[in-house]
Each structure stands twice: as structure tokens, then as C-alpha cells.
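Q: Input structure: target.tsv, which contains TSV, N, CA and C atoms.
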chain	number	residue	atom	x	y	z
Z	235	ALA	N	0.81	-1.21	0.00
Z	235	ALA	CA	0.00	0.00	0.00
Z	235	ALA	C	0.85	1.27	0.00
Z	236	THR	N	2.11	1.20	0.39
Z	236	THR	CA	2.89	2.43	0.51
Z	236	THR	C	3.26	3.06	-0.82
Z	237	GLU	N	3.32	2.29	-1.89
Z	237	GLU	CA	3.67	2.87	-3.19
Z	237	GLU	C	2.48	3.44	-3.92
Z	238	ASP	N	1.28	2.91	-3.70
Z	238	ASP	CA	0.08	3.48	-4.29
Z	238	ASP	C	-0.37	4.60	-3.36
Z	239	ARG	N	-0.24	5.83	-3.83
Z	239	ARG	CA	-0.48	7.00	-2.96
Z	239	ARG	C	-1.90	7.04	-2.40
Z	240	GLN	N	-2.90	6.63	-3.18
Z	240	GLN	CA	-4.27	6.65	-2.69
Z	240	GLN	C	-4.48	5.59	-1.62
Z	241	LEU	N	-3.98	4.37	-1.85
Z	241	LEU	CA	-4.11	3.31	-0.83
Z	241	LEU	C	-3.41	3.70	0.46
Z	242	PHE	N	-2.22	4.31	0.34
Z	242	PHE	CA	-1.47	4.73	1.52
Z	242	PHE	C	-2.25	5.79	2.30
Z	243	SER	N	-2.80	6.77	1.58
Z	243	SER	CA	-3.60	7.81	2.23
Z	243	SER	C	-4.82	7.20	2.93
Z	244	ASP	N	-5.48	6.27	2.25
Z	244	ASP	CA	-6.65	5.60	2.85
Z	244	ASP	C	-6.27	4.86	4.13
Z	245	LYS	N	-5.13	4.16	4.11
Z	245	LYS	CA	-4.68	3.41	5.29
Z	245	LYS	C	-4.39	4.35	6.46
Z	246	LEU	N	-3.76	5.49	6.18
Z	246	LEU	CA	-3.48	6.45	7.25
Z	246	LEU	C	-4.78	7.01	7.83
Z	247	HIS	N	-5.75	7.29	6.98
Z	247	HIS	CA	-7.05	7.76	7.48
Z	247	HIS	C	-7.74	6.70	8.34
Z	248	GLU	N	-7.61	5.43	7.95
Z	248	GLU	CA	-8.22	4.33	8.71
Z	248	GLU	C	-7.73	4.29	10.15
Z	249	ILE	N	-6.46	4.60	10.38
Z	249	ILE	CA	-5.91	4.54	11.73
Z	249	ILE	C	-5.92	5.90	12.43
Z	250	GLY	N	-6.58	6.88	11.81
Z	250	GLY	CA	-6.74	8.19	12.43
Z	250	GLY	C	-5.51	9.07	12.38
Z	251	GLU	N	-4.59	8.79	11.49
Z	251	GLU	CA	-3.37	9.59	11.37
Z	251	GLU	C	-3.66	10.87	10.59
Z	252	LYS	N	-3.18	11.99	11.11
Z	252	LYS	CA	-3.38	13.27	10.42
Z	252	LYS	C	-2.39	13.37	9.27
Z	253	ILE	N	-2.89	13.74	8.09
Z	253	ILE	CA	-2.03	13.93	6.93
Z	253	ILE	C	-2.47	15.19	6.19
Z	254	ALA	N	-1.58	15.68	5.35
Z	254	ALA	CA	-1.90	16.86	4.55
Z	254	ALA	C	-3.04	16.54	3.58
Z	255	PRO	N	-3.91	17.51	3.32
Z	255	PRO	CA	-4.96	17.29	2.31
Z	255	PRO	C	-4.31	16.92	0.98
Z	256	SER	N	-4.85	15.90	0.31
Z	256	SER	CA	-4.23	15.43	-0.92
Z	256	SER	C	-5.24	14.73	-1.81
Z	257	TYR	N	-4.84	14.60	-3.09
Z	257	TYR	CA	-5.64	13.89	-4.08
Z	257	TYR	C	-4.71	13.04	-4.93
Z	258	ALA	N	-5.03	11.75	-5.08
Z	258	ALA	CA	-4.28	10.88	-5.98
Z	258	ALA	C	-4.85	11.10	-7.38
Z	259	CYS	N	-3.97	11.35	-8.34
Z	259	CYS	CA	-4.39	11.69	-9.70
Z	259	CYS	C	-3.74	10.75	-10.71
Z	260	ASP	N	-4.52	10.39	-11.72
Z	260	ASP	CA	-4.03	9.48	-12.75
Z	260	ASP	C	-3.70	10.17	-14.06
Z	261	ASP	N	-3.92	11.48	-14.13
Z	261	ASP	CA	-3.56	12.23	-15.34
Z	261	ASP	C	-3.40	13.71	-14.99
Z	262	LEU	N	-2.84	14.46	-15.92
Z	262	LEU	CA	-2.55	15.87	-15.67
Z	262	LEU	C	-3.81	16.71	-15.47
Z	263	PRO	N	-4.87	16.52	-16.26
Z	263	PRO	CA	-6.09	17.31	-16.00
Z	263	PRO	C	-6.64	17.13	-14.58
Z	264	SER	N	-6.60	15.91	-14.05
Z	264	SER	CA	-7.10	15.71	-12.68
Z	264	SER	C	-6.15	16.34	-11.66
Z	265	ALA	N	-4.85	16.37	-11.96
Z	265	ALA	CA	-3.89	17.03	-11.06
Z	265	ALA	C	-4.14	18.54	-11.04
Z	266	ILE	N	-4.44	19.12	-12.18
Z	266	ILE	CA	-4.74	20.56	-12.24
Z	266	ILE	C	-6.02	20.86	-11.48
Z	267	GLU	N	-7.02	19.99	-11.63
Z	267	GLU	CA	-8.27	20.16	-10.88
Z	267	GLU	C	-8.00	20.08	-9.38
Z	268	ALA	N	-7.17	19.13	-8.96
Z	268	ALA	CA	-6.82	19.01	-7.53
Z	268	ALA	C	-6.11	20.26	-7.03
Z	269	SER	N	-5.27	20.85	-7.88
Z	269	SER	CA	-4.53	22.06	-7.47
Z	269	SER	C	-5.49	23.21	-7.17
Z	270	LYS	N	-6.62	23.24	-7.84
Z	270	LYS	CA	-7.60	24.31	-7.60
Z	270	LYS	C	-8.27	24.14	-6.25
Z	271	LYS	N	-8.33	22.91	-5.75
Z	271	LYS	CA	-8.90	22.65	-4.43
Z	271	LYS	C	-7.88	22.91	-3.32
Z	272	ILE	N	-6.62	22.62	-3.60
Z	272	ILE	CA	-5.56	22.71	-2.58
Z	272	ILE	C	-4.91	24.09	-2.55
Z	273	GLY	N	-4.66	24.66	-3.72
Z	273	GLY	CA	-3.97	25.94	-3.81
Z	273	GLY	C	-2.46	25.75	-3.91
Z	274	PHE	N	-1.78	26.81	-4.32
Z	274	PHE	CA	-0.32	26.78	-4.46
Z	274	PHE	C	0.33	27.53	-3.32
Z	275	PRO	N	1.56	27.18	-2.93
Z	275	PRO	CA	2.36	26.09	-3.48
Z	275	PRO	C	1.79	24.74	-3.05
Z	276	LEU	N	2.13	23.72	-3.82
Z	276	LEU	CA	1.70	22.37	-3.49
Z	276	LEU	C	2.84	21.40	-3.79
Z	277	MET	N	2.69	20.20	-3.30
Z	277	MET	CA	3.70	19.15	-3.48
Z	277	MET	C	3.11	18.08	-4.36
Z	278	ILE	N	3.91	17.57	-5.32
Z	278	ILE	CA	3.47	16.38	-6.04
Z	278	ILE	C	4.43	15.26	-5.68
Z	279	ARG	N	3.88	14.06	-5.53
Z	279	ARG	CA	4.66	12.87	-5.20
Z	279	ARG	C	4.30	11.77	-6.19
Z	280	SER	N	5.30	11.26	-6.87
Z	280	SER	CA	5.08	10.17	-7.82
Z	280	SER	C	4.86	8.86	-7.08
Z	281	ALA	N	3.91	8.08	-7.56
Z	281	ALA	CA	3.69	6.74	-7.01
Z	281	ALA	C	4.59	5.76	-7.73
Z	282	PHE	N	4.88	4.65	-7.08
Z	282	PHE	CA	5.63	3.55	-7.69
Z	282	PHE	C	6.98	4.02	-8.25
Z	283	ALA	N	7.60	5.00	-7.60
Z	283	ALA	CA	8.88	5.53	-8.09
Z	283	ALA	C	9.89	5.52	-6.95
Z	284	LEU	N	11.03	4.89	-7.16
Z	284	LEU	CA	12.07	4.85	-6.15
Z	284	LEU	C	12.74	6.22	-6.03
Z	285	GLY	N	13.07	6.60	-4.82
Z	285	GLY	CA	13.81	7.83	-4.60
Z	285	GLY	C	13.04	9.10	-4.87
Z	286	GLY	N	11.72	9.03	-4.93
Z	286	GLY	CA	10.93	10.24	-5.13
Z	286	GLY	C	11.02	10.82	-6.53
Z	287	LEU	N	11.47	10.04	-7.48
Z	287	LEU	CA	11.64	10.49	-8.85
Z	287	LEU	C	10.35	11.11	-9.38
Z	288	GLY	N	10.45	12.35	-9.88
Z	288	GLY	CA	9.27	13.04	-10.40
Z	288	GLY	C	8.48	13.78	-9.34
Z	289	SER	N	8.98	13.85	-8.12
Z	289	SER	CA	8.30	14.55	-7.05
Z	289	SER	C	8.91	15.93	-6.85
Z	290	GLY	N	8.13	16.85	-6.28
Z	290	GLY	CA	8.68	18.17	-5.99
Z	290	GLY	C	7.60	19.17	-5.66
Z	291	ILE	N	8.03	20.40	-5.39
Z	291	ILE	CA	7.12	21.48	-5.02
Z	291	ILE	C	6.82	22.32	-6.25
Z	292	CYS	N	5.53	22.60	-6.45
Z	292	CYS	CA	5.07	23.42	-7.57
Z	292	CYS	C	4.54	24.73	-7.01
Z	293	GLU	N	5.09	25.83	-7.50
Z	293	GLU	CA	4.69	27.16	-7.03
Z	293	GLU	C	3.46	27.71	-7.77
Z	294	ASN	N	3.18	27.17	-8.97
Z	294	ASN	CA	2.07	27.69	-9.77
Z	294	ASN	C	1.64	26.61	-10.78
Z	295	GLU	N	0.60	26.92	-11.54
Z	295	GLU	CA	0.06	25.93	-12.47
Z	295	GLU	C	1.05	25.58	-13.58
Z	296	ASP	N	1.83	26.55	-14.05
Z	296	ASP	CA	2.83	26.26	-15.09
Z	296	ASP	C	3.84	25.22	-14.59
Z	297	MET	N	4.31	25.39	-13.34
Z	297	MET	CA	5.24	24.41	-12.77
Z	297	MET	C	4.57	23.05	-12.62
Z	298	LEU	N	3.30	23.05	-12.23
Z	298	LEU	CA	2.57	21.79	-12.08
Z	298	LEU	C	2.47	21.09	-13.43
Z	299	ARG	N	2.17	21.83	-14.48
Z	299	ARG	CA	2.07	21.23	-15.81
Z	299	ARG	C	3.41	20.62	-16.23
Z	300	GLU	N	4.50	21.37	-15.99
Z	300	GLU	CA	5.83	20.88	-16.37
Z	300	GLU	C	6.26	19.68	-15.53
Z	301	MET	N	6.20	19.83	-14.21
Z	301	MET	CA	6.63	18.75	-13.33
Z	301	MET	C	5.68	17.55	-13.41
Z	302	GLY	N	4.37	17.84	-13.57
Z	302	GLY	CA	3.39	16.77	-13.68
Z	302	GLY	C	3.61	15.93	-14.93
Z	303	ALA	N	3.91	16.60	-16.05
Z	303	ALA	CA	4.18	15.86	-17.29
Z	303	ALA	C	5.39	14.94	-17.11
Z	304	MET	N	6.43	15.45	-16.44
Z	304	MET	CA	7.61	14.62	-16.20
Z	304	MET	C	7.26	13.46	-15.27
Z	305	ALA	N	6.51	13.76	-14.20
Z	305	ALA	CA	6.13	12.71	-13.24
Z	305	ALA	C	5.30	11.62	-13.92
Z	306	PHE	N	4.35	12.02	-14.76
Z	306	PHE	CA	3.50	11.03	-15.42
Z	306	PHE	C	4.25	10.25	-16.49
Z	307	SER	N	5.40	10.74	-16.93
Z	307	SER	CA	6.20	9.95	-17.87
Z	307	SER	C	6.93	8.82	-17.14
Z	308	LEU	N	7.00	8.93	-15.80
Z	308	LEU	CA	7.70	7.94	-14.98
Z	308	LEU	C	6.76	7.08	-14.14
Z	309	SER	N	5.55	7.57	-13.93
Z	309	SER	CA	4.64	6.92	-12.99
Z	309	SER	C	3.19	7.06	-13.47
Z	310	PRO	N	2.35	6.08	-13.18
Z	310	PRO	CA	0.94	6.18	-13.59
Z	310	PRO	C	0.07	7.01	-12.65
Z	311	GLN	N	0.66	7.47	-11.54
Z	311	GLN	CA	-0.14	8.18	-10.53
Z	311	GLN	C	0.75	9.18	-9.80
Z	312	ILE	N	0.18	10.34	-9.49
Z	312	ILE	CA	0.86	11.27	-8.60
Z	312	ILE	C	-0.11	11.69	-7.50
Z	313	LEU	N	0.46	12.07	-6.38
Z	313	LEU	CA	-0.32	12.62	-5.28
Z	313	LEU	C	-0.11	14.12	-5.31
Z	314	VAL	N	-1.19	14.87	-5.34
Z	314	VAL	CA	-1.14	16.33	-5.26
Z	314	VAL	C	-1.55	16.66	-3.84
Z	315	GLU	N	-0.63	17.28	-3.08
Z	315	GLU	CA	-0.95	17.53	-1.67
Z	315	GLU	C	-0.55	18.94	-1.26
Z	316	LYS	N	-1.16	19.38	-0.18
Z	316	LYS	CA	-0.85	20.69	0.38
Z	316	LYS	C	0.63	20.76	0.73
Z	317	SER	N	1.26	21.87	0.41
Z	317	SER	CA	2.67	22.05	0.73
Z	317	SER	C	2.85	22.23	2.23
Z	318	MET	N	3.93	21.67	2.75
Z	318	MET	CA	4.28	21.83	4.15
Z	318	MET	C	5.56	22.66	4.29
Z	319	LEU	N	5.83	23.50	3.30
Z	319	LEU	CA	7.02	24.35	3.36
Z	319	LEU	C	7.04	25.12	4.67
Z	320	GLY	N	8.19	25.18	5.28
Z	320	GLY	CA	8.35	25.88	6.55
Z	320	GLY	C	8.24	24.98	7.76
Z	321	TRP	N	7.72	23.77	7.57
Z	321	TRP	CA	7.66	22.80	8.66
Z	321	TRP	C	9.02	22.14	8.81
Z	322	LYS	N	9.29	21.62	9.97
Z	322	LYS	CA	10.52	20.88	10.23
Z	322	LYS	C	10.23	19.39	10.06
Z	323	GLU	N	11.17	18.69	9.42
Z	323	GLU	CA	11.00	17.26	9.22
Z	323	GLU	C	11.93	16.51	10.18
Z	324	VAL	N	11.33	15.66	11.01
Z	324	VAL	CA	12.08	14.88	11.98
Z	324	VAL	C	11.74	13.41	11.76
Z	325	GLU	N	12.76	12.57	11.78
Z	325	GLU	CA	12.56	11.14	11.57
Z	325	GLU	C	13.13	10.37	12.76
Z	326	TYR	N	12.62	9.18	12.96
Z	326	TYR	CA	13.11	8.30	14.01
Z	326	TYR	C	13.51	6.97	13.41
Z	327	GLU	N	14.67	6.48	13.81
Z	327	GLU	CA	15.10	5.14	13.43
Z	327	GLU	C	14.68	4.20	14.55
Z	328	VAL	N	13.83	3.24	14.23
Z	328	VAL	CA	13.32	2.29	15.21
Z	328	VAL	C	13.65	0.89	14.73
Z	329	VAL	N	14.17	0.06	15.64
Z	329	VAL	CA	14.47	-1.34	15.33
Z	329	VAL	C	13.47	-2.19	16.10
Z	330	ARG	N	12.86	-3.16	15.39
Z	330	ARG	CA	11.89	-4.06	16.00
Z	330	ARG	C	12.31	-5.49	15.73
Z	331	ASP	N	12.25	-6.34	16.76
Z	331	ASP	CA	12.63	-7.75	16.56
Z	331	ASP	C	11.38	-8.60	16.34
Z	332	ALA	N	11.59	-9.91	16.17
Z	332	ALA	CA	10.50	-10.84	15.87
Z	332	ALA	C	9.49	-10.94	17.01
Z	333	SER	N	9.88	-10.56	18.24
Z	333	SER	CA	8.97	-10.60	19.38
Z	333	SER	C	8.25	-9.28	19.59
Z	334	ASP	N	8.42	-8.36	18.64
Z	334	ASP	CA	7.79	-7.04	18.66
Z	334	ASP	C	8.37	-6.10	19.72
Z	335	ASN	N	9.61	-6.38	20.16
Z	335	ASN	CA	10.31	-5.45	21.03
Z	335	ASN	C	10.88	-4.34	20.15
Z	336	CYS	N	10.74	-3.10	20.60
Z	336	CYS	CA	11.19	-1.96	19.80
Z	336	CYS	C	12.16	-1.10	20.61
Z	337	VAL	N	13.11	-0.53	19.91
Z	337	VAL	CA	14.01	0.43	20.52
Z	337	VAL	C	14.24	1.55	19.50
Z	338	THR	N	14.18	2.78	20.00
Z	338	THR	CA	14.47	3.93	19.14
Z	338	THR	C	15.97	4.15	19.17
Z	339	VAL	N	16.59	4.03	18.02
Z	339	VAL	CA	18.04	4.16	17.92
Z	339	VAL	C	18.43	5.62	18.01
Z	340	CYS	N	17.78	6.46	17.23
Z	340	CYS	CA	18.06	7.90	17.28
Z	340	CYS	C	16.96	8.65	16.56
Z	341	ASN	N	16.92	9.94	16.81
Z	341	ASN	CA	16.06	10.78	15.99
Z	341	ASN	C	16.97	11.61	15.09
Z	342	MET	N	16.43	11.99	13.96
Z	342	MET	CA	17.21	12.74	12.97
Z	342	MET	C	16.39	13.91	12.50
Z	343	GLU	N	17.07	14.98	12.13
Z	343	GLU	CA	16.35	16.09	11.53
Z	343	GLU	C	16.95	16.38	10.16
Z	344	ASN	N	16.07	16.64	9.22
Z	344	ASN	CA	16.52	16.93	7.88
Z	344	ASN	C	17.06	18.36	7.82
Z	345	PHE	N	18.25	18.50	7.29
Z	345	PHE	CA	18.88	19.81	7.13
Z	345	PHE	C	18.18	20.59	6.02
Z	346	ASP	N	17.79	19.88	4.96
Z	346	ASP	CA	17.14	20.53	3.83
Z	346	ASP	C	15.70	20.84	4.17
Z	347	PRO	N	15.09	21.80	3.47
Z	347	PRO	CA	13.70	22.13	3.76
Z	347	PRO	C	12.76	20.98	3.44
Z	348	LEU	N	11.64	20.95	4.15
Z	348	LEU	CA	10.63	19.94	3.91
Z	348	LEU	C	10.22	20.01	2.44
Z	349	GLY	N	10.13	18.87	1.81
Z	349	GLY	CA	9.82	18.82	0.38
Z	349	GLY	C	10.96	18.26	-0.43
Z	350	VAL	N	12.19	18.33	0.13
Z	350	VAL	CA	13.32	17.66	-0.52
Z	350	VAL	C	13.24	16.20	-0.10
Z	351	HIS	N	13.25	15.30	-1.08
Z	351	HIS	CA	13.10	13.88	-0.78
Z	351	HIS	C	14.17	13.43	0.20
Z	352	THR	N	13.80	12.63	1.19
Z	352	THR	CA	14.72	12.18	2.23
Z	352	THR	C	15.98	11.56	1.64
Z	353	GLY	N	15.84	10.80	0.57
Z	353	GLY	CA	17.00	10.17	-0.05
Z	353	GLY	C	17.95	11.16	-0.68
Z	354	ASP	N	17.49	12.39	-0.90
Z	354	ASP	CA	18.31	13.43	-1.52
Z	354	ASP	C	18.74	14.50	-0.53
Z	355	SER	N	18.38	14.35	0.73
Z	355	SER	CA	18.64	15.42	1.69
Z	355	SER	C	19.72	15.04	2.70
Z	356	ILE	N	20.26	16.06	3.33
Z	356	ILE	CA	21.24	15.87	4.39
Z	356	ILE	C	20.48	15.67	5.70
Z	357	VAL	N	20.86	14.66	6.46
Z	357	VAL	CA	20.20	14.36	7.72
Z	357	VAL	C	21.22	14.47	8.85
Z	358	ILE	N	20.82	15.11	9.95
Z	358	ILE	CA	21.68	15.29	11.10
Z	358	ILE	C	21.12	14.43	12.24
Z	359	ALA	N	22.00	13.61	12.82
Z	359	ALA	CA	21.58	12.74	13.92
Z	359	ALA	C	22.60	12.86	15.05
Z	360	PRO	N	22.16	13.04	16.29
Z	360	PRO	CA	20.78	13.33	16.68
Z	360	PRO	C	20.39	14.77	16.31
Z	361	SER	N	19.12	15.07	16.42
Z	361	SER	CA	18.62	16.43	16.13
Z	361	SER	C	19.36	17.45	16.95
Z	362	GLN	N	19.57	18.63	16.35
Z	362	GLN	CA	20.31	19.68	17.04
Z	362	GLN	C	19.46	20.90	17.37
Z	363	THR	N	18.30	21.07	16.70
Z	363	THR	CA	17.56	22.30	16.89
Z	363	THR	C	16.19	22.11	17.54
Z	364	LEU	N	15.85	20.90	17.96
Z	364	LEU	CA	14.57	20.69	18.63
Z	364	LEU	C	14.65	21.15	20.08
Z	365	SER	N	13.62	21.82	20.51
Z	365	SER	CA	13.57	22.20	21.93
Z	365	SER	C	12.87	21.10	22.70
Z	366	ASN	N	12.95	21.15	24.01
Z	366	ASN	CA	12.26	20.16	24.83
Z	366	ASN	C	10.78	20.43	24.83
Please re-express this file's structure in C-alpha cells.

A:
Amino acid sequence: ATEDRQLFSDKLHEIGEKIAPSYACDDLPSAIEASKKIGFPLMIRSAFALGGLGSGICENEDMLREMGAMAFSLSPQILVEKSMLGWKEVEYEVVRDASDNCVTVCNMENFDPLGVHTGDSIVIAPSQTLSN
């Protein structure tokens, strides 16, 4: 379910997880229609693509048309979602064994702004700028 953006969104809603407003789109016209509901800037995320290929932040409809065309050349689906620019991205590395014991190894904060794919960003561990 994690690669199909609509299934992933549905699963998160099922467990009550808060997520950014978003629409899974199968073509550019539906992505443009979704942009009118969400507003700019917005984020597009390619489905079924390793490393976030074809994903990025669109500041206006022209950028959405350009980036969306590229994304759809690589993927059959994109997620159009509200931009979270200005938010801080924090990740946790958790190890779980076969008995369901878990330990948090460390937390990390992304040096790059939210919207840069994690695989392409600099990560600092442990976090340096979080307050208590």
C-alpha cells in the first residue's frame, strides 16, 4: 500500500493519522483540478517511483504542468498535496525484533527544507535544533 499513494492515504485515514490534504491523480487534467482545491504552493509525489523520482514542489500551475508531465512519464499516478514548506522534518530510526520489542536508535532532523526527498537530503543525527 505504501507505493500506491491513494491506498497509503486511505490506510493512514483508517488509523486516524493526520495527513496533509491530498488527491491521488491518474492524469494531468485531474492534477490541475486538484490544485484548484488545494492551492499553491503544493507538493506532487510520484507513485511507484524509487527515490521520489518526479516529485517536488510546484509554485504555480505552469510548474505543475511541467513537473506533472515529467512525473507522469515515470509513474501512472501522482499525489497532489498541500505544501508543508516551513515545517521541520524529523525522523526516528526504530528497530523491532520478531517478538515485537522496539528500541528507538536515534532521531534525525533533515537539514534541507521539507519537500526535498529524504534520499536526496542531508540528515543530522541526533537532532540539534529541537527544543524540549

Q: Please determine, counting all atoms listed in the file, which residue among Z:Ser280, Z:Pro255, Z:Glu248, Z:Asn341 has the shortest atom-to-atom distance to Z:Phe306.

A: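 Looking only at the distances to Z:Phe306, the closest residue turns out to be Z:Ser280.
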
Q: Quick one: residues within 9 Å of Z:Thr338, only C-alpha atoms counted, chain neighbours fewer than 3 positions away excluded, as a ChimeraX atom specification?

A: /Z:326-330,341

Q: Write out, as a short mmCIF file (atom, residue, chain, number, x, y, z; two decimals), in the coordinates of the input, the residues just selected, with N, CA and C atoms.

A:
data_model
loop_
_atom_site.label_atom_id
_atom_site.label_comp_id
_atom_site.auth_asym_id
_atom_site.auth_seq_id
_atom_site.Cartn_x
_atom_site.Cartn_y
_atom_site.Cartn_z
N TYR Z 326 12.62 9.18 12.96
CA TYR Z 326 13.11 8.30 14.01
C TYR Z 326 13.51 6.97 13.41
N GLU Z 327 14.67 6.48 13.81
CA GLU Z 327 15.10 5.14 13.43
C GLU Z 327 14.68 4.20 14.55
N VAL Z 328 13.83 3.24 14.23
CA VAL Z 328 13.32 2.29 15.21
C VAL Z 328 13.65 0.89 14.73
N VAL Z 329 14.17 0.06 15.64
CA VAL Z 329 14.47 -1.34 15.33
C VAL Z 329 13.47 -2.19 16.10
N ARG Z 330 12.86 -3.16 15.39
CA ARG Z 330 11.89 -4.06 16.00
C ARG Z 330 12.31 -5.49 15.73
N ASN Z 341 16.92 9.94 16.81
CA ASN Z 341 16.06 10.78 15.99
C ASN Z 341 16.97 11.61 15.09
#

Q: What does the distance from atom CA of Z:Glu300 to atom N of Z:Phe274 come to in Å, to one decimal?

A: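 Value for the atom CA of Z:Glu300-atom N of Z:Phe274 distance: 15.4 Å.
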
Q: Return as AutoDock Vina command-line options the box centre and box size in Å, one decimal, for an axis-aligned box around all listed atoms of stretch 288-296 of chain Z padded by 5 Å per side.

A:
--center_x 5.3 --center_y 20.0 --center_z -10.1 --size_x 20.4 --size_y 25.4 --size_z 20.1

Q: Could you check which of Z:Ile253, Z:Cys292, Z:Lys270, Z:Ala258 is closest to Z:Leu241, using all atoms listed in the file?

A: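 Of Z:Ile253, Z:Cys292, Z:Lys270, Z:Ala258, the one nearest Z:Leu241, counting all atoms listed in the file, is Z:Ala258.
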
Q: Could you tell me, as number ranges by chain, which residues of stretch 238-315 of chain Z DSSP assigns to helix (DSSP H, G or I) when given the backbone?

A: Z: 239-248, 262-272, 284-286, 295-308

Q: To one decimal place, how far is atom N of Z:Gly273 from atom C of Z:Val324 in Å?

A: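 Separating atom N of Z:Gly273 from atom C of Z:Val324 is a distance of 25.2 Å.
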
Q: What residues in stretch 308-362 of chain Z get the DSSP label strand (DSSP E or B)? Please answer as a VMD selection string.

A: chain Z and resid 312 to 316 324 to 330 336 to 344 357 to 358

Q: One number please: atom CA of Z:Cys336 to atom CA of Z:Gly250, in Å, one decimal.

A: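 These atoms are spaced 21.9 Å apart.
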
Q: Taking 6 positions as the minimum chain separation for residues in the same chain, which residues sit within 8 Å of stretch 296-298 of chain Z when counting only N, CA and C atoms? Answer as a ChimeraX atom specification.

A: /Z:262,265-266,304

Q: Would you please work out which residue, of Z:Lys252, Z:Lys245, Z:Arg279, Z:Arg239, is nearest to Z:Ala305 when using only C-alpha atoms?

A: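 When distances to Z:Ala305 are compared using only C-alpha atoms, the smallest one comes from Z:Arg279.
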
Q: So, counting only C-alpha atoms, which residue among Z:Tyr257, Z:Phe242, Z:Phe345, Z:Phe282 is closest to Z:Glu325?

A: Z:Phe345
